[in-house]
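*Asks:* So that you have it, the file is entry.txt, and it contains compact mmCIF, C-alpha atoms:
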```txt
# COMPACT_ATOMS: atom_id res chain seq x y z
CA MET A 1 -76.60 -106.51 100.70
CA THR A 2 -77.34 -102.96 99.94
CA THR A 3 -80.69 -101.67 99.03
CA GLY A 4 -81.64 -98.43 97.44
CA SER A 5 -82.58 -95.77 99.86
CA SER A 6 -85.06 -93.05 99.22
CA ASP A 7 -82.99 -90.55 101.13
CA ASN A 8 -80.16 -90.89 98.67
CA HIS A 9 -80.67 -87.32 97.32
CA SER A 10 -79.56 -88.35 93.89
CA THR A 11 -81.48 -86.99 90.95
CA PRO A 12 -82.13 -88.93 87.85
CA PRO A 13 -80.26 -87.70 84.81
CA SER A 14 -82.19 -84.96 83.07
CA GLU A 15 -83.45 -85.42 79.57
CA PRO A 16 -82.40 -82.89 76.96
CA ALA A 17 -84.99 -80.15 76.40
CA ALA A 18 -87.23 -80.70 73.41
CA GLN A 19 -86.11 -78.58 70.51
CA PRO A 20 -88.62 -76.99 68.16
CA PRO A 21 -88.58 -78.41 64.63
CA GLU A 22 -86.16 -76.80 62.21
CA GLY A 23 -87.46 -73.41 60.97
CA ARG A 24 -89.86 -72.87 63.89
CA ARG A 25 -88.93 -70.55 66.69
CA ARG A 26 -90.47 -69.95 70.05
CA TRP A 27 -91.67 -66.47 70.85
CA ASN A 28 -90.10 -64.83 73.78
CA SER A 29 -92.01 -62.39 75.98
CA ALA A 30 -90.60 -59.34 74.19
CA THR A 31 -91.88 -60.64 70.85
CA SER A 32 -95.31 -61.35 72.36
CA VAL A 33 -95.54 -57.87 73.87
CA GLY A 34 -94.43 -56.29 70.57
CA LEU A 35 -97.05 -58.23 68.64
CA ALA A 36 -99.78 -57.27 71.14
CA VAL A 37 -98.83 -53.58 70.91
CA ALA A 38 -98.91 -53.75 67.10
CA VAL A 39 -102.36 -55.37 67.05
CA VAL A 40 -103.82 -52.91 69.59
CA GLY A 41 -102.28 -50.00 67.66
CA ALA A 42 -103.74 -51.21 64.36
CA VAL A 43 -107.20 -51.65 65.87
CA ALA A 44 -107.04 -48.21 67.51
CA ALA A 45 -105.93 -46.59 64.25
CA ALA A 46 -108.76 -48.29 62.35
CA VAL A 47 -111.40 -47.19 64.86
CA LEU A 48 -110.10 -43.62 65.05
CA SER A 49 -109.88 -43.18 61.26
CA PRO A 50 -112.83 -41.59 59.42
CA LEU A 51 -113.82 -44.96 58.02
CA GLY A 52 -113.53 -46.54 61.48
CA GLU A 53 -115.57 -43.74 62.99
CA HIS A 54 -118.23 -44.34 60.34
CA ALA A 55 -118.19 -48.10 61.02
CA VAL A 56 -118.58 -47.55 64.76
CA ASN A 57 -121.47 -45.14 64.15
CA ALA A 58 -123.11 -47.67 61.81
CA VAL A 59 -122.79 -50.40 64.43
CA LEU A 60 -124.24 -48.11 67.08
CA ASP A 61 -126.87 -47.02 64.51
CA GLU A 62 -126.79 -43.42 65.57
CA SER A 63 -125.42 -40.18 64.20
CA THR A 64 -122.78 -38.35 66.15
CA CYS A 65 -124.17 -34.88 65.61
CA PRO A 66 -127.91 -34.28 65.53
CA GLY A 67 -129.01 -30.72 64.89
CA GLU A 68 -126.68 -27.80 65.31
CA ALA A 69 -123.72 -30.08 66.07
CA CYS A 70 -123.86 -31.28 62.43
CA GLU A 71 -123.31 -27.80 61.01
CA GLY A 72 -120.35 -27.79 58.61
CA LYS A 73 -119.45 -31.45 59.18
CA ASN A 74 -118.95 -34.31 56.73
CA PRO A 75 -122.19 -36.34 56.48
CA GLY A 76 -120.34 -39.61 55.87
CA ARG A 77 -118.06 -39.27 58.84
CA GLN A 78 -120.97 -38.42 61.12
CA GLY A 79 -123.15 -41.32 60.00
CA CYS A 80 -125.76 -38.96 58.57
CA ASP A 81 -125.65 -40.47 55.07
CA ASP A 82 -127.06 -43.75 56.44
CA GLY A 83 -130.79 -43.51 55.99
CA ALA A 84 -130.63 -40.10 54.30
CA THR A 85 -133.17 -39.37 51.57
CA THR A 86 -132.56 -37.68 48.24
CA PHE A 87 -134.27 -35.19 45.98
CA LYS A 88 -132.85 -35.34 42.46
CA PRO A 89 -134.77 -33.84 39.53
CA ALA A 90 -134.89 -36.26 36.60
CA ALA A 91 -135.10 -33.62 33.86
CA GLY A 92 -132.99 -30.53 33.20
CA ASN A 93 -130.23 -31.67 35.52
CA PRO A 94 -127.05 -31.97 33.40
CA ALA A 95 -124.65 -32.23 36.37
CA GLU A 96 -126.99 -34.56 38.27
CA LEU A 97 -127.37 -32.20 41.18
CA SER A 98 -129.17 -33.53 44.25
CA ILE A 99 -130.15 -32.54 47.78
CA ARG A 100 -129.53 -35.08 50.54
CA TYR A 101 -131.56 -34.85 53.75
CA SER A 102 -131.09 -36.67 57.04
CA GLU A 103 -134.12 -36.29 59.27
CA GLU A 104 -132.21 -37.94 62.13
CA CYS A 105 -129.31 -35.47 61.84
CA GLN A 106 -131.63 -32.54 61.05
CA ALA A 107 -129.30 -31.54 58.23
CA VAL A 108 -129.03 -31.30 54.43
CA TRP A 109 -126.14 -31.23 51.99
CA GLY A 110 -125.75 -30.82 48.25
CA LYS A 111 -124.18 -33.30 45.85
CA ILE A 112 -123.01 -33.00 42.26
CA GLU A 113 -122.31 -36.17 40.28
CA HIS A 114 -121.28 -35.05 36.78
CA GLY A 115 -119.24 -31.91 37.14
CA ALA A 116 -115.59 -31.21 36.36
CA LYS A 117 -112.51 -30.23 38.33
CA GLY A 118 -112.98 -26.75 39.79
CA ASP A 119 -116.81 -26.79 39.69
CA LEU A 120 -118.61 -25.87 42.90
CA VAL A 121 -121.65 -27.29 44.61
CA THR A 122 -123.34 -25.06 47.18
CA VAL A 123 -126.08 -25.57 49.75
CA GLU A 124 -127.97 -22.90 51.67
CA ALA A 125 -130.84 -23.19 54.12
CA THR A 126 -133.13 -20.16 54.10
CA GLY A 127 -132.28 -18.13 57.18
CA GLY A 128 -129.27 -20.39 57.80
CA THR A 129 -125.77 -21.07 56.65
CA LYS A 130 -124.35 -21.44 53.16
CA ARG A 131 -121.69 -24.11 52.47
CA ALA A 132 -119.73 -24.94 49.32
CA ALA A 133 -117.37 -27.62 48.08
CA GLU A 134 -115.17 -27.71 45.00
CA ILE A 135 -114.52 -30.75 42.86
CA GLY A 136 -110.81 -31.44 43.30
CA TYR A 137 -110.61 -34.61 41.21
CA GLY A 138 -113.07 -36.88 39.49
CA ASP A 139 -116.50 -35.50 38.65
CA ASP A 140 -118.46 -35.59 41.89
CA GLN A 141 -118.48 -33.82 45.25
CA TYR A 142 -120.76 -33.09 48.17
CA THR A 143 -120.93 -30.17 50.55
CA PRO A 144 -120.57 -30.12 54.30
CA MET A 145 -123.91 -30.28 56.11
CA VAL A 146 -126.22 -27.37 56.85
CA ARG A 147 -128.58 -27.61 59.83
CA VAL A 148 -132.28 -27.41 59.02
CA GLY A 149 -133.83 -28.44 62.35
CA ASP A 150 -136.72 -30.82 62.80
CA GLY A 151 -139.51 -28.60 61.47
CA GLU A 152 -140.16 -26.65 58.32
CA PHE A 153 -137.22 -25.68 56.13
CA GLU A 154 -136.31 -24.46 52.67
CA VAL A 155 -132.99 -25.25 51.04
CA THR A 156 -131.27 -24.34 47.76
CA VAL A 157 -128.48 -26.38 46.17
CA CYS A 158 -126.58 -24.99 43.18
CA ALA A 159 -124.05 -26.27 40.64
CA VAL A 160 -121.55 -23.58 39.67
CA PRO A 161 -119.23 -24.42 36.76
CA LYS A 162 -115.64 -23.21 36.89
CA ALA A 163 -115.16 -20.21 34.60
CA GLY A 164 -113.29 -21.44 31.53
CA GLY A 165 -113.52 -25.01 32.85
CA GLU A 166 -114.57 -28.20 31.10
CA SER A 167 -118.22 -28.28 32.17
CA THR A 168 -120.88 -27.76 29.51
CA TYR A 169 -123.71 -26.78 31.85
CA GLU A 170 -124.53 -23.30 33.14
CA HIS A 171 -125.05 -22.24 36.76
CA TYR A 172 -128.32 -23.73 37.98
CA CYS A 173 -130.07 -24.48 41.26
CA ILE A 174 -132.68 -26.79 42.72
CA HIS A 175 -134.89 -26.17 45.74
CA GLY A 176 -136.33 -28.40 48.44
CA THR A 177 -138.44 -28.21 51.59
CA GLU A 178 -139.49 -30.64 54.28
CA ALA A 179 -142.47 -31.44 52.02
CA THR A 180 -140.36 -32.30 48.95
CA ALA A 181 -140.81 -35.78 47.51
CA TRP A 182 -137.74 -37.26 49.20
CA ARG A 183 -136.83 -40.81 48.28
```
In structure tokens, write the structure found in this file.

*Replies:*
Amino acid sequence: MTTGSSDNHSTPPSEPAAQPPEGRRRWNSATSVGLAVAVVGAVAAAVLSPLGEHAVNAVLDESTCPGEACEGKNPGRQGCDDGATTFKPAAGNPAELSIRYSEECQAVWGKIEHGAKGDLVTVEATGGTKRAAEIGYGDDQYTPMVRVGDGEFEVTVCAVPKAGGESTYEHYCIHGTEATAWR
């Protein structure tokens, strides 16, 4: 009579490996790494883009350039348009010219809303810098920022129609100070 021995060293027959259902594939490590790189790259590109930079600044709730560091920069990309106030005369303003002021960024910029291609909008702080921007398409544009500091200031924003252009208004300007009725 023979009995089974545990030192037999025989292995039970192996079962066939489970196969994924038809149409489904397993990812190998190269595919996983490639997918991870693509996701990280997309997130990095989104954060480093102007819109991503603005989103990060909004989340952090702080501007990236208070004071002199804002000079000549885009207010939207720096987070300065969040919380900015506006002075926009209701009458005699055919191009809807306005002055935007960010107390946090210590800067102002000009904006035109009903101009035409080639029209300019300018901003100048008394004793400071003058900046301009041209409407390239559409009918609105804003200037880069001009530093005004955290004290008293005086600023002039002008709409300058392109000579021979489509605009029906004439060159005109509006003025503002720290005491202007900002809203």

*Asks:* Go through A:Cys105, A:Leu97, A:Cys65, A:Ala125 and flag the residue nearest Gly83 in chain A, using only C-alpha atoms for the distances.

*Replies:*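 Nearest to Gly83 in chain A: A:Cys105.
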
*Asks:* Within 10 Å of Ile112 in chain A, counting only C-alpha atoms, which residues qualify if same-chain residues fewer than 6 places away don't, as a ChimeraX atom specification?

*Replies:* /A:93-99,119-122,133-135,139-143,157-160

*Asks:* Choose the residue, out of A:Gln106, A:Thr126, A:Tyr172, A:Ser32, that has the smallest atom-to-atom separation from Thr64 in chain A; count only C-alpha atoms.

*Replies:* A:Gln106

*Asks:* Have a look at CA of Thr177 in chain A and CA of Glu152 in chain A and let me know their distance in Å, one decimal.

*Replies:*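 Separating CA of Thr177 in chain A from CA of Glu152 in chain A is a distance of 7.1 Å.
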
*Asks:* Would you mind telling me which residue in A:Gly176, A:Gly92, A:Gly34, A:Gly165 lies nearest to Val148 in chain A when using all atoms listed in the file?

*Replies:*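 With all atoms listed in the file as the atom set, the closest residue is A:Gly176.
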
*Asks:* Excluding Gly128 in chain A and residues on its chain fewer than 6 positions from it, collect all residues at most 10 Å away from it, counting all atoms listed in the file, and give them as a ChimeraX atom specification.

*Replies:* /A:146-148,153-155

*Asks:* Would you work out the distance separating CA of Val123 in chain A from CA of Ile174 in chain A, expressed in Å to one decimal?

*Replies:*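 So the two atoms, CA of Val123 in chain A and CA of Ile174 in chain A, lie 9.7 Å apart.
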
*Asks:* Expressed in Å to a single decimal, how great is the separation between CA of Thr156 in chain A and CA of Lys130 in chain A?

*Replies:*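 Value for the CA of Thr156 in chain A-CA of Lys130 in chain A distance: 9.2 Å.
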
*Asks:* Smallest atom-to-atom distance to Gln78 in chain A: which of A:Pro161, A:Gly151, A:Glu113, A:Met145, using all atoms listed in the file?

*Replies:*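 Residue with the minimum atom-to-atom distance to Gln78 in chain A: A:Met145.
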
*Asks:* Which residue gives the smallest distance to Glu124 in chain A among A:Pro66, A:Pro89, A:Gly72, A:Gly164, with all atoms listed in the file counted?

*Replies:*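 Ranking A:Pro66, A:Pro89, A:Gly72, A:Gly164 by distance to Glu124 in chain A, first place goes to A:Gly72.
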